[in-house]
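> Please find work-v4.cif (mmCIF, C-alpha atoms) on the next line:
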data_data
loop_
_atom_site.label_atom_id
_atom_site.label_comp_id
_atom_site.auth_asym_id
_atom_site.auth_seq_id
_atom_site.Cartn_x
_atom_site.Cartn_y
_atom_site.Cartn_z
CA MET H 1 -10.07 22.18 -63.12
CA LYS H 2 -7.01 22.67 -61.03
CA LEU H 3 -7.46 23.85 -57.50
CA ARG H 4 -5.00 26.38 -56.27
CA ARG H 5 -4.19 26.90 -52.68
CA LYS H 6 -4.94 30.38 -51.58
CA GLN H 7 -1.69 32.11 -50.87
CA SER H 8 -1.28 34.55 -48.07
CA PRO H 9 0.45 37.86 -48.72
CA ARG H 10 4.14 37.25 -48.78
CA ALA H 11 5.56 37.57 -45.31
CA PRO H 12 9.06 38.91 -44.89
CA ASP H 13 11.67 36.16 -44.77
CA ALA H 14 12.27 36.46 -41.05
CA LEU H 15 14.24 33.25 -40.85
CA GLY H 16 16.40 34.32 -43.78
CA GLU H 17 17.11 37.65 -42.17
CA SER H 18 18.03 35.90 -38.94
CA LEU H 19 20.41 33.63 -40.84
CA ARG H 20 21.96 36.63 -42.60
CA ARG H 21 22.51 38.42 -39.32
CA ALA H 22 23.92 35.29 -37.68
CA ALA H 23 26.45 34.65 -40.44
CA PRO H 24 29.96 35.04 -39.10
CA PRO H 25 31.73 38.13 -40.45
CA LEU H 26 34.62 37.89 -42.86
CA GLY H 27 37.99 37.72 -41.19
CA ARG H 28 41.10 39.61 -42.13
CA VAL H 29 43.28 38.56 -45.01
CA ASN H 30 45.99 36.11 -44.06
CA PRO H 31 48.97 37.50 -46.04
CA LEU H 32 51.11 34.43 -45.42
CA ARG H 33 48.50 32.16 -46.93
CA VAL H 34 48.09 34.47 -49.93
CA THR H 35 51.84 34.57 -50.44
CA ARG H 36 52.06 30.79 -50.27
CA ALA H 37 49.30 30.46 -52.83
CA CYS H 38 50.92 33.00 -55.15
CA THR H 39 54.28 31.26 -54.80
CA ARG H 40 52.70 27.97 -55.72
CA ILE H 41 50.99 29.54 -58.71
CA ALA H 42 54.24 31.15 -59.86
CA GLY H 43 55.89 27.74 -59.78
CA ALA H 44 53.04 26.07 -61.57
CA ARG H 45 53.55 25.28 -65.19
CA PRO H 46 50.91 26.41 -67.61
CA ALA H 47 48.17 23.88 -68.15
CA PRO H 48 48.95 21.25 -70.77
CA VAL H 49 47.43 21.75 -74.17
CA LEU H 50 45.06 18.84 -73.60
CA PHE H 51 43.60 20.62 -70.57
CA ARG H 52 42.97 23.71 -72.67
CA LEU H 53 41.17 21.83 -75.43
CA HIS H 54 37.92 22.02 -73.48
CA THR H 55 37.73 25.70 -74.34
CA LEU H 56 37.54 24.76 -78.02
CA VAL H 57 34.84 22.16 -77.57
CA ARG H 58 31.96 24.60 -77.36
CA PRO H 59 32.86 26.66 -80.46
CA LEU H 60 33.53 23.48 -82.42
CA ALA H 61 30.20 22.05 -81.32
CA ARG H 62 28.48 25.24 -82.42
CA ILE H 63 30.16 25.13 -85.82
CA ALA H 64 29.21 21.46 -86.24
CA ALA H 65 25.62 22.20 -85.23
CA GLY H 66 25.51 25.06 -87.74
CA LEU H 67 26.79 22.84 -90.52
CA VAL H 68 24.23 20.17 -89.71
CA LEU H 69 21.49 22.79 -89.70
CA LEU H 70 22.63 24.20 -93.04
CA SER H 71 22.81 20.76 -94.65
CA GLY H 72 19.33 19.98 -93.32
CA VAL H 73 17.98 23.19 -94.81
CA ALA H 74 19.70 22.40 -98.10
CA VAL H 75 18.11 18.95 -98.19
CA LEU H 76 14.70 20.42 -97.48
CA LEU H 77 15.07 23.09 -100.14
CA LYS H 78 16.33 20.70 -102.83
CA PRO H 79 13.59 20.20 -105.49
CA ASN H 80 12.11 16.73 -105.46
CA PRO H 81 12.52 15.05 -108.88
CA ARG H 82 9.27 13.14 -108.45
CA GLU H 83 7.37 16.37 -108.38
CA THR H 84 8.26 17.14 -112.00
CA PRO H 85 5.28 16.41 -114.28
CA MET H 86 5.55 13.32 -116.53
CA THR H 87 5.17 13.90 -120.21
CA GLY H 88 4.51 10.26 -121.11
CA LEU H 89 4.99 6.65 -120.07
CA PRO H 90 8.54 5.84 -119.00
CA HIS H 91 10.51 3.46 -121.16
CA ILE H 92 11.06 0.13 -119.34
CA ASP H 93 13.44 -2.46 -120.69
CA PRO H 94 11.89 -5.90 -121.25
CA LEU H 95 12.93 -8.62 -118.81
CA PRO H 96 15.76 -10.83 -120.01
CA LEU H 97 14.58 -14.28 -121.08
CA LEU H 98 16.04 -17.51 -119.73
CA ALA H 99 16.32 -18.73 -123.26
CA HIS H 100 19.26 -16.44 -123.72
CA LEU H 101 21.07 -18.01 -120.77
CA ASP H 102 23.03 -20.34 -123.00
CA THR H 103 24.61 -17.37 -124.64
CA LEU H 104 26.20 -16.45 -121.30
CA VAL H 105 27.34 -19.92 -120.07
CA ASP H 106 29.30 -22.64 -121.81
CA THR H 107 26.77 -25.49 -121.66
CA ARG H 108 29.28 -28.24 -122.47
CA SER H 109 31.52 -27.53 -119.50
CA VAL H 110 28.52 -27.21 -117.18
CA THR H 111 27.08 -30.51 -118.37
CA GLY H 112 30.38 -32.31 -117.79
CA ALA H 113 30.77 -30.92 -114.29
CA LEU H 114 27.19 -31.84 -113.38
CA ALA H 115 27.61 -35.36 -114.67
CA ALA H 116 30.79 -35.89 -112.66
CA GLU H 117 29.09 -34.56 -109.56
CA SER H 118 26.15 -36.88 -110.11
CA ASP H 119 28.46 -39.88 -110.39
CA ASN H 120 30.18 -38.91 -107.16
CA LEU H 121 26.88 -38.60 -105.33
CA LEU H 122 25.73 -41.92 -106.63
CA SER H 123 28.84 -43.73 -105.51
CA ASP H 124 28.59 -42.05 -102.09
CA LEU H 125 25.01 -43.18 -101.69
CA THR H 126 25.89 -46.70 -102.69
CA ALA H 127 28.71 -46.84 -100.16
CA LEU H 128 26.45 -45.40 -97.47
CA THR H 129 23.72 -47.94 -98.16
CA ALA H 130 26.19 -50.80 -97.97
CA VAL H 131 27.55 -49.59 -94.65
CA LEU H 132 24.06 -49.18 -93.20
CA ASN H 133 23.08 -52.66 -94.29
CA ASP H 134 26.19 -54.16 -92.71
CA ARG H 135 25.59 -52.35 -89.41
CA SER H 136 21.91 -53.29 -89.32
CA LEU H 137 22.60 -56.93 -89.96
CA ALA H 138 25.32 -56.88 -87.34
CA ILE H 139 22.83 -55.65 -84.78
CA LEU H 140 20.21 -58.25 -85.72
CA PHE H 141 22.47 -61.25 -85.81
CA MET W 1 27.78 44.73 -49.09
CA ASP W 2 31.30 43.46 -48.60
CA ALA W 3 34.50 44.34 -50.39
CA ILE W 4 34.44 41.47 -52.83
CA GLU W 5 31.02 42.45 -54.16
CA GLN W 6 32.08 46.04 -54.57
CA SER W 7 35.22 45.06 -56.41
CA ASP W 8 33.69 42.37 -58.59
CA ASP W 9 34.46 44.39 -61.71
CA ARG W 10 38.04 44.78 -60.57
CA LEU W 11 38.30 41.05 -60.03
CA ARG W 12 36.86 40.35 -63.46
CA GLN W 13 39.48 42.60 -65.00
CA ALA W 14 42.17 40.92 -62.93
CA MET W 15 41.01 37.53 -64.14
CA GLN W 16 41.09 38.73 -67.73
CA ALA W 17 44.64 39.93 -67.15
CA VAL W 18 45.54 36.51 -65.74
CA ALA W 19 43.98 34.86 -68.77
CA ALA W 20 46.10 37.13 -70.97
CA GLY W 21 49.23 35.81 -69.25
CA ASN W 22 49.80 38.27 -66.40
CA ALA W 23 50.30 35.91 -63.45
CA ASP W 24 50.98 38.78 -61.03
CA ALA W 25 47.41 39.99 -61.44
CA PHE W 26 46.27 36.90 -59.59
CA ARG W 27 47.51 38.25 -56.26
CA ALA W 28 44.58 40.68 -56.03
CA ILE W 29 42.20 37.80 -56.64
CA ALA W 30 43.89 35.62 -54.03
CA GLU W 31 43.73 38.43 -51.46
CA ALA W 32 40.08 39.16 -52.13
CA LEU W 33 39.11 35.51 -51.99
CA GLU W 34 41.11 34.43 -48.95
CA PRO W 35 38.74 35.56 -46.15
CA ARG W 36 35.71 34.57 -48.18
CA LEU W 37 36.99 31.07 -48.88
CA GLU W 38 38.23 30.68 -45.32
CA ARG W 39 34.68 31.29 -44.07
CA PHE W 40 33.15 29.18 -46.85
CA PHE W 41 35.33 26.17 -46.09
CA ALA W 42 34.86 26.58 -42.35
CA GLN W 43 31.08 26.62 -42.70
CA LEU W 44 31.05 23.57 -44.92
CA GLY W 45 33.08 21.36 -42.65
CA VAL W 46 36.70 21.64 -43.76
CA PRO W 47 38.90 21.48 -40.66
CA GLU W 48 41.21 24.40 -40.01
CA ALA W 49 44.29 22.26 -40.57
CA ASP W 50 43.21 21.48 -44.14
CA ARG W 51 41.83 24.85 -45.18
CA ASP W 52 45.21 26.12 -46.30
CA ASP W 53 45.65 23.21 -48.71
CA VAL W 54 42.12 23.50 -50.03
CA TYR W 55 42.53 27.25 -50.50
CA GLN W 56 45.81 26.82 -52.38
CA GLU W 57 44.34 24.12 -54.58
CA THR W 58 41.38 26.38 -55.31
CA CYS W 59 43.70 29.24 -56.26
CA LEU W 60 45.66 26.94 -58.53
CA ARG W 61 42.50 25.72 -60.25
CA LEU W 62 41.25 29.28 -60.69
CA TYR W 63 44.59 30.28 -62.18
CA ARG W 64 44.61 27.37 -64.59
CA LYS W 65 41.00 27.91 -65.61
CA ALA W 66 41.41 31.65 -66.10
CA ASP W 67 40.96 31.33 -69.85
CA ALA W 68 37.66 29.49 -69.29
CA TYR W 69 36.21 32.33 -67.25
CA ASN W 70 33.50 34.35 -68.96
CA PRO W 71 33.94 37.99 -67.85
CA GLN W 72 30.31 38.69 -68.68
CA ARG W 73 29.33 36.67 -65.62
CA PRO W 74 29.86 37.60 -61.98
CA PHE W 75 33.13 36.46 -60.55
CA LEU W 76 32.19 35.23 -57.08
CA PRO W 77 29.74 32.45 -58.09
CA TRP W 78 32.32 31.15 -60.55
CA ALA W 79 35.04 31.17 -57.91
CA LEU W 80 32.73 29.46 -55.43
CA THR W 81 31.89 26.81 -58.03
CA VAL W 82 35.57 25.97 -58.39
CA ALA W 83 36.10 26.11 -54.61
CA ARG W 84 33.15 23.81 -54.03
CA ARG W 85 34.52 21.25 -56.49
CA VAL W 86 37.90 21.32 -54.81
CA MET W 87 36.21 20.90 -51.44
CA LEU W 88 34.14 17.96 -52.66
CA ASN W 89 37.27 16.30 -54.01
CA TRP W 90 38.91 16.86 -50.66
CA HIS W 91 35.92 15.29 -48.88
CA ARG W 92 36.10 12.27 -51.20
CA ALA W 93 39.82 11.83 -50.74
CA ARG W 94 39.60 12.14 -46.98
CA LYS W 95 40.04 8.86 -45.18
CA SER W 96 37.01 7.67 -43.27
CA THR W 97 39.13 6.24 -40.48
CA VAL W 98 41.67 7.96 -38.25
CA ALA W 99 44.44 6.79 -36.03
CA LEU W 100 43.40 5.94 -32.50
CA GLU W 101 45.48 8.71 -30.94
CA GLU W 102 43.62 11.27 -33.09
CA ALA W 103 40.18 10.02 -32.11
CA ASP W 104 39.78 12.56 -29.29
CA ASN W 105 40.41 15.46 -31.65
CA VAL W 106 37.85 14.12 -34.10
CA ALA W 107 35.29 13.72 -31.36
CA ALA W 108 35.85 17.33 -30.31
CA ASP W 109 35.04 18.46 -33.85
CA GLN W 110 31.77 16.61 -33.90
CA ARG W 111 28.65 18.69 -33.57
CA SER W 112 26.52 18.30 -30.48
CA PRO W 113 22.84 18.56 -31.41
CA GLY W 114 20.95 21.21 -29.54
CA ALA W 115 23.93 22.46 -27.61
CA GLY W 116 24.49 25.52 -29.74
CA ALA W 117 20.90 26.60 -30.29
CA GLU W 118 21.25 29.74 -28.20
CA ALA W 119 24.78 30.47 -29.25
CA ASP W 120 24.67 30.21 -33.00
CA LEU W 121 21.81 29.86 -35.40
CA TRP W 122 24.10 28.40 -38.02
CA MET W 123 25.34 25.76 -35.63
CA PHE W 124 21.75 24.93 -34.84
CA ALA W 125 20.95 24.71 -38.55
CA ARG W 126 23.92 22.44 -39.10
CA THR W 127 22.62 19.97 -36.57
CA HIS W 128 18.99 20.00 -37.73
CA VAL W 129 19.13 20.42 -41.50
CA SER W 130 20.56 17.98 -44.05
CA ALA W 131 24.03 18.66 -45.45
CA THR W 132 22.58 19.67 -48.80
CA GLY W 133 20.05 21.97 -47.19
CA TYR W 134 22.71 23.51 -45.00
CA GLU W 135 24.97 24.15 -47.98
CA LEU W 136 22.15 25.83 -49.88
CA LEU W 137 21.18 27.90 -46.87
CA TRP W 138 24.75 29.04 -46.50
CA LEU W 139 25.09 29.95 -50.18
CA ARG W 140 21.80 31.85 -50.02
CA TYR W 141 22.12 33.69 -46.72
CA GLY W 142 25.80 33.38 -45.86
CA GLU W 143 27.22 34.17 -49.31
CA ASP W 144 24.12 36.13 -50.40
CA LEU W 145 23.79 34.42 -53.78
CA ASP W 146 20.46 34.28 -55.56
CA ALA W 147 18.80 31.05 -56.68
CA ALA W 148 20.19 31.19 -60.23
CA GLU W 149 23.73 31.68 -58.96
CA ILE W 150 23.35 28.85 -56.45
CA ALA W 151 22.03 26.68 -59.25
CA ALA W 152 25.18 27.40 -61.25
CA VAL W 153 27.42 26.70 -58.27
CA THR W 154 25.74 23.44 -57.31
CA HIS W 155 24.85 22.22 -60.82
CA ARG W 156 21.12 22.17 -60.21
CA THR W 157 18.23 23.97 -61.79
CA ALA W 158 17.03 27.19 -60.20
CA VAL W 159 13.63 25.64 -59.49
CA HIS W 160 15.26 22.70 -57.74
CA VAL W 161 17.33 25.08 -55.66
CA ARG W 162 14.22 27.03 -54.64
CA VAL W 163 12.44 23.82 -53.64
CA LEU W 164 15.39 22.56 -51.60
CA LEU W 165 15.79 25.96 -49.94
CA HIS W 166 12.13 26.02 -49.05
CA ARG W 167 12.38 22.56 -47.49
CA ALA W 168 15.51 23.48 -45.56
CA ARG W 169 13.91 26.65 -44.22
CA ALA W 170 10.79 24.74 -43.22
CA THR W 171 12.85 22.06 -41.46
CA LEU W 172 14.85 24.69 -39.64
CA ALA W 173 11.75 26.64 -38.63
CA GLN W 174 10.12 23.48 -37.25
CA ALA W 175 13.27 22.58 -35.33
CA LEU W 176 13.41 26.07 -33.87
CA GLU W 177 9.78 25.84 -32.83
CA LYS W 178 10.36 22.45 -31.21
CA ASP W 179 13.40 23.82 -29.50
CA GLY W 180 11.16 26.44 -27.98
CA LYS W 181 13.57 29.26 -28.39
CA GLY W 182 11.15 31.49 -30.24
CA ARG W 183 14.05 32.74 -32.27
CA VAL W 184 12.11 33.21 -35.45
CA PRO W 185 8.94 35.30 -35.54
CA LYS W 186 6.16 33.66 -37.55
#
If you took the structure in this file and wrote it as structure tokens, what would it be?

Amino acid sequence: MKLRRKQSPRAPDALGESLRRAAPPLGRVNPLRVTRACTRIAGARPAPVLFRLHTLVRPLARIAAGLVLLSGVAVLLKPNPRETPMTGLPHIDPLPLLAHLDTLVDTRSVTGALAAESDNLLSDLTALTAVLNDRSLAILF
Amino acid sequence: MDAIEQSDDRLRQAMQAVAAGNADAFRAIAEALEPRLERFFAQLGVPEADRDDVYQETCLRLYRKADAYNPQRPFLPWALTVARRVMLNWHRARKSTVALEEADNVAADQRSPGAGAEADLWMFARTHVSATGYELLWLRYGEDLDAAEIAAVTHRTAVHVRVLLHRARATLAQALEKDGKGRVPK
């Protein structure tokens, strides 16, 4: 349970009133300063278009937010196809068999390429073994 | 109630006219704002020599942002928001060091704590309250804005403004009690 401090009846803001009374009064208008400011404004060019674009940001953001909201509502209201009742078992295609692979690939060309690759690997291994033997013997003797 | 509060509607209409392309309508706004901004800048530490520049820059900003002004809202808090931004930019751009021959003038502008307690409550507040607290006190009691308007001017929430104002008032009341002037009745 939260404890609340007992509050006294609101006293008048004596300090605030003192500050209000002590505030210096407004002076008189300085016409020269006003004229200088108006002259400067008259000579000022209108703000570049880029500086005015910020006024369009808020309406554009509102339009974009509205579109997002509408699209969200549309997605929510769209009927879900899974909710439709099934009348029977769905038809599923049988898996393709590997036995039919040879109908897709030319086996003769694949066999030739594999054989050539095997020969290359074999010769590389032979060369590598010979080099290793030479180096090992060189270290020993 | 001062003239600018009484003529707030007139100033709103003038600002709408400026936004519509009537640059001459801005003169009424500049005249109404000049004494107000002069006092505002003086209270918030802009030296007299620079107030003219800050005022002119504020007027220029107001003129250029006329189309961004919402006439459904009061004019003065909006104008003070722009003026405050200009003043903050001026404070940032101001050099922290001065030439040696100007050092005496700067020292004369410095506040002397406690010296003005009898003379001016605002001077006393300036020396005993933080800069933020002083600014909020001035906007509340000097410019007579409410917490929501101060929140808009200073880009804070209204609750935050109330809390900071409460702290500033408490600090000032304690300082006045310590000072022993008995200025504020409890």
> Distance atom CA of H:Leu67-atom CA of H:Asn80, one decimal place?
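Taking atom CA of H:Leu67 as the start and atom CA of H:Asn80 as the end point, the length is 21.8 Å.
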> Written as a VMD selection string, which residues does the PyMOL selection byres ((chain H) within 7 of (chain W)) give for the file shown?
chain H and resid 14 to 16 19 to 20 22 to 23 26 to 29 33 to 34 37 to 38 41 47 55
> State, in Å with one decimal place, the distance from atom CA of W:Thr132 to atom CA of H:Pro24.
19.6 Å
> Could you state the separation of atom CA of W:His160 and atom CA of W:Ala147 in Å, given to one decimal place?
9.1 Å
> In terms of the shortest atom-to-atom distance over only C-alpha atoms, which of W:Ala83, W:Ala20, W:Ala131, W:Ala151 is closest to W:Val54?
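Between W:Ala83, W:Ala20, W:Ala131, W:Ala151, the residue approaching W:Val54 most closely is W:Ala83.
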> Smallest atom-to-atom distance to W:Asp50: which of W:Arg73, W:Leu11, W:Met87, W:Val161, using all atoms listed in the file?
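Nearest to W:Asp50: W:Met87.
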> Which residues are near W:Ile150? Cut-off 10 Å, all atoms listed in the file, ignore same chain within fewer than 3 positions. Put them as a VMD selection string.
chain W and resid 77 80 to 81 135 to 137 139 to 140 143 to 147 153 to 158 161 to 162
> Could stretch 37-50 of chain W be completed with N, CA and C atoms and returned as a PDB file, keeping the file's coordinate frame?

ATOM      1  N   LEU W  37      36.864  32.528 -48.786  1.00  0.00           N
ATOM      2  CA  LEU W  37      36.990  31.070 -48.880  1.00  0.00           C
ATOM      3  C   LEU W  37      37.263  30.452 -47.512  1.00  0.00           C
ATOM      4  N   GLU W  38      37.983  31.186 -46.677  1.00  0.00           N
ATOM      5  CA  GLU W  38      38.230  30.680 -45.320  1.00  0.00           C
ATOM      6  C   GLU W  38      36.888  30.452 -44.599  1.00  0.00           C
ATOM      7  N   ARG W  39      35.999  31.415 -44.709  1.00  0.00           N
ATOM      8  CA  ARG W  39      34.680  31.290 -44.070  1.00  0.00           C
ATOM      9  C   ARG W  39      33.843  30.207 -44.755  1.00  0.00           C
ATOM     10  N   PHE W  40      33.912  30.174 -46.079  1.00  0.00           N
ATOM     11  CA  PHE W  40      33.150  29.180 -46.850  1.00  0.00           C
ATOM     12  C   PHE W  40      33.545  27.761 -46.458  1.00  0.00           C
ATOM     13  N   PHE W  41      34.854  27.513 -46.436  1.00  0.00           N
ATOM     14  CA  PHE W  41      35.330  26.170 -46.090  1.00  0.00           C
ATOM     15  C   PHE W  41      35.014  25.833 -44.630  1.00  0.00           C
ATOM     16  N   ALA W  42      35.145  26.829 -43.760  1.00  0.00           N
ATOM     17  CA  ALA W  42      34.860  26.580 -42.350  1.00  0.00           C
ATOM     18  C   ALA W  42      33.385  26.203 -42.158  1.00  0.00           C
ATOM     19  N   GLN W  43      32.511  26.898 -42.852  1.00  0.00           N
ATOM     20  CA  GLN W  43      31.080  26.620 -42.700  1.00  0.00           C
ATOM     21  C   GLN W  43      30.701  25.269 -43.266  1.00  0.00           C
ATOM     22  N   LEU W  44      31.436  24.821 -44.268  1.00  0.00           N
ATOM     23  CA  LEU W  44      31.050  23.570 -44.920  1.00  0.00           C
ATOM     24  C   LEU W  44      31.908  22.395 -44.471  1.00  0.00           C
ATOM     25  N   GLY W  45      32.523  22.528 -43.319  1.00  0.00           N
ATOM     26  CA  GLY W  45      33.080  21.360 -42.650  1.00  0.00           C
ATOM     27  C   GLY W  45      34.517  21.004 -42.960  1.00  0.00           C
ATOM     28  N   VAL W  46      35.279  21.930 -43.539  1.00  0.00           N
ATOM     29  CA  VAL W  46      36.700  21.640 -43.760  1.00  0.00           C
ATOM     30  C   VAL W  46      37.454  22.045 -42.490  1.00  0.00           C
ATOM     31  N   PRO W  47      38.179  21.129 -41.883  1.00  0.00           N
ATOM     32  CA  PRO W  47      38.900  21.480 -40.660  1.00  0.00           C
ATOM     33  C   PRO W  47      39.964  22.550 -40.914  1.00  0.00           C
ATOM     34  N   GLU W  48      40.286  23.275 -39.860  1.00  0.00           N
ATOM     35  CA  GLU W  48      41.210  24.400 -40.010  1.00  0.00           C
ATOM     36  C   GLU W  48      42.562  23.950 -40.553  1.00  0.00           C
ATOM     37  N   ALA W  49      42.974  22.741 -40.148  1.00  0.00           N
ATOM     38  CA  ALA W  49      44.290  22.260 -40.570  1.00  0.00           C
ATOM     39  C   ALA W  49      44.357  22.030 -42.079  1.00  0.00           C
ATOM     40  N   ASP W  50      43.219  21.791 -42.696  1.00  0.00           N
ATOM     41  CA  ASP W  50      43.210  21.480 -44.140  1.00  0.00           C
ATOM     42  C   ASP W  50      42.788  22.661 -44.999  1.00  0.00           C
TER      43      ASP W  50
END
